[in-house]
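Source file: model.cif. Holds: mmCIF, C-alpha atoms.
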data_final
loop_
_atom_site.label_atom_id
_atom_site.label_comp_id
_atom_site.auth_asym_id
_atom_site.auth_seq_id
_atom_site.Cartn_x
_atom_site.Cartn_y
_atom_site.Cartn_z
CA MET A 1 137.78 173.31 3.93
CA ASN A 2 134.35 171.64 3.57
CA SER A 3 132.18 174.73 4.12
CA LYS A 4 131.86 177.45 1.54
CA PRO A 5 134.46 180.23 1.89
CA LEU A 6 133.36 183.64 3.16
CA ILE A 7 134.35 186.33 0.64
CA GLY A 8 134.32 190.00 1.61
CA ILE A 9 133.44 192.65 -1.00
CA ASN A 10 134.01 196.34 -0.31
CA ALA A 11 130.89 198.41 -0.89
CA ASP A 12 130.64 201.56 -2.97
CA PHE A 13 129.69 204.71 -1.06
CA ARG A 14 127.76 207.92 -1.68
CA PRO A 15 127.90 210.69 0.95
CA ALA A 16 124.85 212.69 1.98
CA LYS A 17 123.98 215.44 -0.47
CA GLY A 18 120.99 217.74 -0.28
CA ASN A 19 118.00 215.59 0.61
CA ALA A 20 119.81 212.35 -0.29
CA TYR A 21 120.90 210.08 2.54
CA PRO A 22 124.45 208.64 2.70
CA PHE A 23 124.30 205.30 0.98
CA ALA A 24 126.45 202.15 0.54
CA TRP A 25 125.81 199.57 -2.19
CA SER A 26 127.40 197.02 -4.50
CA HIS A 27 127.14 196.07 -8.16
CA ALA A 28 125.18 192.80 -8.01
CA GLY A 29 127.67 191.18 -10.37
CA TYR A 30 130.28 190.99 -7.64
CA PHE A 31 128.22 188.98 -5.18
CA ASP A 32 126.40 186.98 -7.87
CA CYS A 33 129.74 185.84 -9.34
CA VAL A 34 131.14 184.97 -5.91
CA THR A 35 128.00 182.93 -5.19
CA ALA A 36 128.11 181.18 -8.58
CA ALA A 37 131.79 180.30 -8.02
CA GLY A 38 130.99 178.58 -4.71
CA GLY A 39 131.62 181.32 -2.15
CA ILE A 40 129.41 183.25 0.27
CA PRO A 41 129.61 187.01 -0.32
CA VAL A 42 129.89 189.38 2.64
CA LEU A 43 129.49 193.10 1.89
CA LEU A 44 131.94 195.37 3.72
CA PRO A 45 130.75 198.92 4.43
CA PRO A 46 133.38 201.67 4.90
CA VAL A 47 133.92 201.21 8.64
CA ALA A 48 136.25 203.77 10.22
CA ASP A 49 137.95 201.74 12.95
CA PRO A 50 141.00 199.78 11.64
CA ASN A 51 140.67 197.29 14.51
CA ASP A 52 137.10 196.50 13.49
CA LEU A 53 138.22 195.90 9.91
CA ARG A 54 141.11 193.70 11.00
CA GLN A 55 138.74 191.61 13.13
CA VAL A 56 136.40 191.13 10.18
CA LEU A 57 139.27 190.17 7.85
CA SER A 58 140.50 187.57 10.34
CA ARG A 59 137.15 185.80 9.93
CA LEU A 60 136.98 185.98 6.14
CA ASP A 61 138.55 183.49 3.75
CA GLY A 62 139.07 185.91 0.88
CA VAL A 63 138.35 189.43 -0.38
CA VAL A 64 137.21 190.95 -3.67
CA LEU A 65 138.50 194.51 -3.98
CA SER A 66 135.77 196.01 -6.13
CA GLY A 67 136.15 198.70 -8.75
CA CYS A 68 134.71 202.20 -8.90
CA LYS A 69 133.55 204.54 -11.66
CA LEU A 70 135.44 207.34 -9.88
CA ASP A 71 139.17 207.89 -9.36
CA LEU A 72 141.76 207.98 -6.62
CA ASP A 73 142.39 211.56 -5.51
CA PRO A 74 145.46 212.64 -7.54
CA THR A 75 146.47 215.21 -4.89
CA ARG A 76 147.09 212.31 -2.50
CA LEU A 77 149.40 210.87 -5.13
CA GLY A 78 151.38 214.12 -5.44
CA MET A 79 149.83 214.88 -8.84
CA ASP A 80 148.05 217.92 -10.21
CA PRO A 81 144.45 216.88 -10.95
CA HIS A 82 143.67 216.27 -14.61
CA PRO A 83 140.47 217.96 -15.87
CA VAL A 84 138.77 214.58 -16.41
CA THR A 85 139.62 213.21 -12.96
CA ARG A 86 136.63 212.67 -10.66
CA PRO A 87 137.83 211.66 -7.18
CA MET A 88 135.77 209.15 -5.25
CA PRO A 89 134.32 210.25 -1.88
CA PRO A 90 137.11 210.54 0.72
CA ARG A 91 135.39 208.02 3.00
CA ARG A 92 135.43 205.37 0.29
CA GLU A 93 139.02 206.04 -0.77
CA GLU A 94 140.26 206.00 2.81
CA PHE A 95 138.50 202.70 3.47
CA ASP A 96 139.68 201.14 0.20
CA ARG A 97 143.26 202.12 0.95
CA ARG A 98 143.04 200.67 4.47
CA LEU A 99 141.40 197.47 3.23
CA ALA A 100 143.97 197.00 0.45
CA LYS A 101 146.84 197.55 2.86
CA MET A 102 145.43 195.04 5.33
CA VAL A 103 144.80 192.26 2.81
CA TYR A 104 148.36 192.80 1.59
CA GLU A 105 149.83 192.65 5.10
CA MET A 106 147.62 189.76 6.28
CA LYS A 107 147.98 187.86 2.97
CA VAL A 108 144.23 187.40 2.62
CA PRO A 109 143.47 185.70 -0.72
CA THR A 110 142.43 188.55 -3.00
CA LEU A 111 140.82 189.26 -6.35
CA ALA A 112 141.31 192.96 -7.17
CA ILE A 113 139.17 194.40 -9.97
CA GLY A 114 139.42 197.72 -11.81
CA MET A 115 140.18 200.53 -9.38
CA GLY A 116 140.59 197.87 -6.68
CA MET A 117 143.56 196.55 -8.69
CA VAL A 118 145.07 200.05 -8.92
CA THR A 119 144.56 200.72 -5.20
CA LEU A 120 146.09 197.42 -4.12
CA ASN A 121 149.12 197.99 -6.33
CA LEU A 122 149.55 201.45 -4.82
CA MET A 123 149.32 200.20 -1.23
CA ALA A 124 151.81 197.40 -2.00
CA GLY A 125 154.40 199.90 -3.24
CA GLY A 126 153.55 200.41 -6.90
CA THR A 127 152.72 203.60 -8.80
CA VAL A 128 149.79 204.95 -10.82
CA PHE A 129 149.13 206.63 -14.15
CA GLN A 130 146.50 209.34 -13.66
CA TYR A 131 145.37 209.69 -17.29
CA LEU A 132 146.46 207.04 -19.77
CA PRO A 133 145.97 209.12 -22.97
CA ASP A 134 148.53 211.61 -21.66
CA ASP A 135 150.81 209.27 -19.72
CA VAL A 136 151.20 206.37 -22.18
CA LEU A 137 152.71 206.83 -25.63
CA LYS A 138 150.19 205.89 -28.34
CA SER A 139 147.67 204.78 -25.74
CA LEU A 140 144.66 202.76 -26.85
CA SER A 141 141.18 203.85 -25.89
CA HIS A 142 140.49 202.29 -22.48
CA ARG A 143 137.23 204.14 -21.74
CA ASP A 144 134.34 205.12 -23.97
CA THR A 145 132.71 208.31 -22.70
CA VAL A 146 129.40 207.39 -24.35
CA GLU A 147 129.06 203.60 -24.31
CA ALA A 148 129.95 201.25 -21.43
CA CYS A 149 130.75 198.28 -23.66
CA LEU A 150 134.23 199.12 -24.96
CA ARG A 151 136.34 196.00 -25.52
CA HIS A 152 139.98 195.60 -26.52
CA VAL A 153 142.57 192.86 -26.88
CA ILE A 154 144.97 191.89 -24.11
CA GLU A 155 147.97 189.58 -24.38
CA ILE A 156 148.43 186.96 -21.67
CA VAL A 157 151.89 186.21 -20.26
CA PRO A 158 152.68 182.46 -20.47
CA GLY A 159 152.97 180.54 -17.19
CA THR A 160 150.81 182.93 -15.18
CA LYS A 161 147.46 182.58 -13.45
CA MET A 162 145.85 184.34 -16.40
CA ASP A 163 147.38 181.70 -18.67
CA THR A 164 145.85 179.00 -16.48
CA ILE A 165 142.45 180.71 -16.48
CA TYR A 166 142.15 181.65 -20.17
CA GLY A 167 144.86 179.74 -21.96
CA PRO A 168 147.74 181.27 -23.96
CA GLY A 169 147.58 184.07 -26.49
CA GLU A 170 145.14 186.97 -26.77
CA ILE A 171 141.62 187.57 -25.49
CA ARG A 172 139.19 190.49 -25.65
CA VAL A 173 138.03 192.11 -22.41
CA ASN A 174 135.76 194.98 -21.42
CA SER A 175 137.44 198.25 -20.48
CA ASP A 176 136.29 201.35 -18.58
CA HIS A 177 139.18 203.29 -17.03
CA HIS A 178 141.59 206.15 -17.58
CA MET A 179 143.77 205.57 -14.51
CA GLY A 180 146.09 202.57 -14.64
CA ILE A 181 149.19 200.83 -13.36
CA ASP A 182 152.55 202.52 -13.92
CA GLN A 183 155.14 200.55 -11.93
CA VAL A 184 154.00 197.17 -10.60
CA ALA A 185 154.61 196.67 -6.87
CA PRO A 186 157.54 194.38 -5.88
CA SER A 187 155.16 191.64 -4.67
CA PHE A 188 153.52 191.33 -8.09
CA ARG A 189 154.38 190.30 -11.60
CA VAL A 190 152.56 191.29 -14.78
CA SER A 191 150.33 188.56 -16.20
CA ALA A 192 148.58 190.42 -19.05
CA THR A 193 148.98 193.68 -20.98
CA ALA A 194 147.03 195.65 -23.55
CA MET A 195 148.59 196.22 -26.96
CA ASP A 196 149.83 199.65 -25.82
CA GLY A 197 151.71 198.07 -22.90
CA VAL A 198 149.21 199.06 -20.19
CA VAL A 199 149.10 196.45 -17.41
CA GLU A 200 145.78 194.59 -17.56
CA ALA A 201 146.53 191.90 -14.95
CA TYR A 202 149.08 191.11 -12.26
CA GLU A 203 149.51 188.37 -9.68
CA SER A 204 151.35 187.74 -6.44
CA ILE A 205 154.82 186.21 -6.60
CA GLU A 206 154.61 185.21 -2.91
CA ASP A 207 153.98 181.50 -2.38
CA ASN A 208 151.78 182.07 0.67
CA TRP A 209 149.43 184.58 -0.97
CA TRP A 210 146.90 183.93 -3.73
CA CYS A 211 146.28 187.30 -5.37
CA LEU A 212 145.17 188.32 -8.85
CA GLY A 213 144.45 191.84 -10.07
CA VAL A 214 142.54 192.49 -13.30
CA GLN A 215 141.96 195.89 -14.87
CA PHE A 216 138.87 194.69 -16.70
CA HIS A 217 135.49 193.77 -15.13
CA PRO A 218 134.66 190.03 -15.14
CA HIS A 219 131.59 190.68 -12.96
CA ASP A 220 129.92 193.11 -15.35
CA GLU A 221 127.13 192.52 -17.86
CA THR A 222 129.61 193.51 -20.61
CA ALA A 223 131.93 190.63 -19.64
CA SER A 224 132.19 187.45 -21.70
CA ALA A 225 131.03 184.05 -20.46
CA LEU A 226 134.68 182.99 -20.10
CA ASP A 227 135.32 185.75 -17.54
CA MET A 228 133.40 183.80 -14.90
CA GLN A 229 136.50 181.59 -14.78
CA VAL A 230 138.29 184.44 -12.97
CA PHE A 231 135.96 184.07 -10.00
CA GLU A 232 136.12 180.28 -10.15
CA ALA A 233 139.93 180.40 -10.07
CA PHE A 234 139.78 182.86 -7.17
CA VAL A 235 137.51 180.68 -5.02
CA GLU A 236 139.67 177.66 -5.86
CA GLY A 237 142.74 179.67 -4.80
CA VAL A 238 141.02 180.64 -1.54
CA ARG A 239 140.37 176.98 -0.79
CA PHE A 240 143.92 175.99 -1.69
CA GLN A 241 145.48 178.63 0.56
CA GLN A 242 143.14 177.65 3.42
CA VAL A 243 144.07 173.95 3.11
CA ASP A 244 147.77 174.82 2.81
CA ALA A 245 147.57 176.92 5.99
CA GLU A 246 145.80 174.12 7.86
CA ASP A 247 148.43 171.60 6.72
CA ASN A 248 151.19 173.90 7.97
CA ILE A 249 149.50 174.18 11.38
CA LEU A 250 149.13 170.39 11.63
CA SER A 251 152.74 169.89 10.56
CA LEU A 252 153.98 172.37 13.16
CA ALA A 253 151.86 170.73 15.85
CA GLY A 254 153.25 167.33 14.89
CA ARG A 255 156.88 168.55 15.14
CA ARG A 256 156.20 170.08 18.55
CA ALA A 257 154.58 166.86 19.81
CA ALA A 258 157.58 164.85 18.63
#
What is this file in structure tokens?
Amino acid sequence: MNSKPLIGINADFRPAKGNAYPFAWSHAGYFDCVTAAGGIPVLLPPVADPNDLRQVLSRLDGVVLSGCKLDLDPTRLGMDPHPVTRPMPPRREEFDRRLAKMVYEMKVPTLAIGMGMVTLNLMAGGTVFQYLPDDVLKSLSHRDTVEACLRHVIEIVPGTKMDTIYGPGEIRVNSDHHMGIDQVAPSFRVSATAMDGVVEAYESIEDNWWCLGVQFHPHDETASALDMQVFEAFVEGVRFQQVDAEDNILSLAGRRAA
């Protein structure tokens, strides 16, 4: 693939309230990091028609499932809402769920970040912790209610994509969440955990799908310089999957011609 890959990024959304118009936007870090890694960012608003979304995805080379300061609606997960839970607008959650399900079904190369990682895991068959301090024994602090620069150590699983990106051992990452991964979906394997066992990264075990989910925020101003390597690895994975798909098409055409 000689041209730059087109990378979709789901937009955040604010519904109309009082005199405020409904509004869609994106943290600039997402599209700046995609651009710096060699891709062309394409912002995806929360369109309602699944056929429209499928058509767009068929023309993209990869997708970044962005995070969100707000939470998945616990009532949709069969949970009683915790007092600290702040559900995202229904239009955004519905779109994010639909987008995550489609990239999973279509095997679109994907980098899932923060709440995007949680949503993708859910749509692929995994489960969710609503509030880590209550749900995880001796949980670390994963969100600072005052400062946005909380960092903690994660341990990388050898032989994974995270190992390739960062090298073996431990690294420090930014953290801003109280929801998290409970059971990892069957299509994924864990590639990094916090010291309390909370899943901080997973990756696809399917050979035909490049996918990495990270609970931290490599696009954010609180990220380290090394975190840019996550986006670089993603764009490289997009290119690899595109070339592999083209080779398979050429090979199939050759067998048919013979």
Which residues are close to segment 14-31 of chain A, i.e. within 7 Å by all atoms listed in the file, leaving aside same-chain residues fewer than 2 positions away? Reply as a PyMOL selection string. chain A and resi 11-12+33-35+41+45+89+219-220
Computed interatomic separation between atom CA of Pro5 of chain A and atom CA of Gln242 of chain A (Å):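 Separating atom CA of Pro5 of chain A from atom CA of Gln242 of chain A is a distance of 9.2 Å.
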Which residue gives the smallest distance to Gly237 of chain A among A:Val190, A:Val42, A:Val84, A:Cys211, with all atoms listed in the file counted?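 Of all the options, A:Cys211 lies closest to Gly237 of chain A.
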On this structure, which residues satisfy the PyMOL selection byres ((chain A and resi 50-57) around 8), written as a short mmCIF file (atom, residue, chain, number, x, y, z; two decimals) with C-alpha atoms, keeping the file's coordinate frame?
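New file selection-v2.cif:
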data_model
loop_
_atom_site.label_atom_id
_atom_site.label_comp_id
_atom_site.auth_asym_id
_atom_site.auth_seq_id
_atom_site.Cartn_x
_atom_site.Cartn_y
_atom_site.Cartn_z
CA GLY A 8 134.32 190.00 1.61
CA VAL A 47 133.92 201.21 8.64
CA ALA A 48 136.25 203.77 10.22
CA ASP A 49 137.95 201.74 12.95
CA SER A 58 140.50 187.57 10.34
CA ARG A 59 137.15 185.80 9.93
CA LEU A 60 136.98 185.98 6.14
CA ASP A 61 138.55 183.49 3.75
CA ARG A 98 143.04 200.67 4.47
CA LEU A 99 141.40 197.47 3.23
CA MET A 102 145.43 195.04 5.33
CA VAL A 103 144.80 192.26 2.81
CA VAL A 108 144.23 187.40 2.62
#
Would you compute the distance between atom CA of Glu221 of chain A and atom CA of Arg151 of chain A? Give it in Å to one decimal. 12.5 Å
Surrounding residues of Ala100 of chain A excluding itself and chain neighbours under 3 positions, 12 Å, all atoms listed in the file, as a PyMOL selection string: chain A and resi 8-10+50+53-54+57+63-66+92-97+103-113+115-125+211+213
Skip segment 74-82 of chain A itself and residues of its chain fewer than 2 positions away, then list as a count of residues only all residues within 12 Å of it, counting all atoms listed in the file. 27
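When atom CA of Pro218 of chain A is paired with atom CA of Gly62 of chain A, their separation reads 17.1 Å.
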Distance query Asp163 of chain A at most 12 Å, only C-alpha atoms, self and fewer than 4 positions along chain excluded, as a PyMOL selection string: chain A and resi 154-159+167-171+190-192+201-203+229-230+233
Keeping C-alpha atoms for every residue in the selection just given, could you write it to a file as a PDB file, in the coordinates of the input?
ATOM      1  CA  ILE A 154     144.970 191.890 -24.110  1.00  0.00           C
ATOM      2  CA  GLU A 155     147.970 189.580 -24.380  1.00  0.00           C
ATOM      3  CA  ILE A 156     148.430 186.960 -21.670  1.00  0.00           C
ATOM      4  CA  VAL A 157     151.890 186.210 -20.260  1.00  0.00           C
ATOM      5  CA  PRO A 158     152.680 182.460 -20.470  1.00  0.00           C
ATOM      6  CA  GLY A 159     152.970 180.540 -17.190  1.00  0.00           C
ATOM      7  CA  GLY A 167     144.860 179.740 -21.960  1.00  0.00           C
ATOM      8  CA  PRO A 168     147.740 181.270 -23.960  1.00  0.00           C
ATOM      9  CA  GLY A 169     147.580 184.070 -26.490  1.00  0.00           C
ATOM     10  CA  GLU A 170     145.140 186.970 -26.770  1.00  0.00           C
ATOM     11  CA  ILE A 171     141.620 187.570 -25.490  1.00  0.00           C
ATOM     12  CA  VAL A 190     152.560 191.290 -14.780  1.00  0.00           C
ATOM     13  CA  SER A 191     150.330 188.560 -16.200  1.00  0.00           C
ATOM     14  CA  ALA A 192     148.580 190.420 -19.050  1.00  0.00           C
ATOM     15  CA  ALA A 201     146.530 191.900 -14.950  1.00  0.00           C
ATOM     16  CA  TYR A 202     149.080 191.110 -12.260  1.00  0.00           C
ATOM     17  CA  GLU A 203     149.510 188.370  -9.680  1.00  0.00           C
ATOM     18  CA  GLN A 229     136.500 181.590 -14.780  1.00  0.00           C
ATOM     19  CA  VAL A 230     138.290 184.440 -12.970  1.00  0.00           C
ATOM     20  CA  ALA A 233     139.930 180.400 -10.070  1.00  0.00           C
TER      21      ALA A 233
END
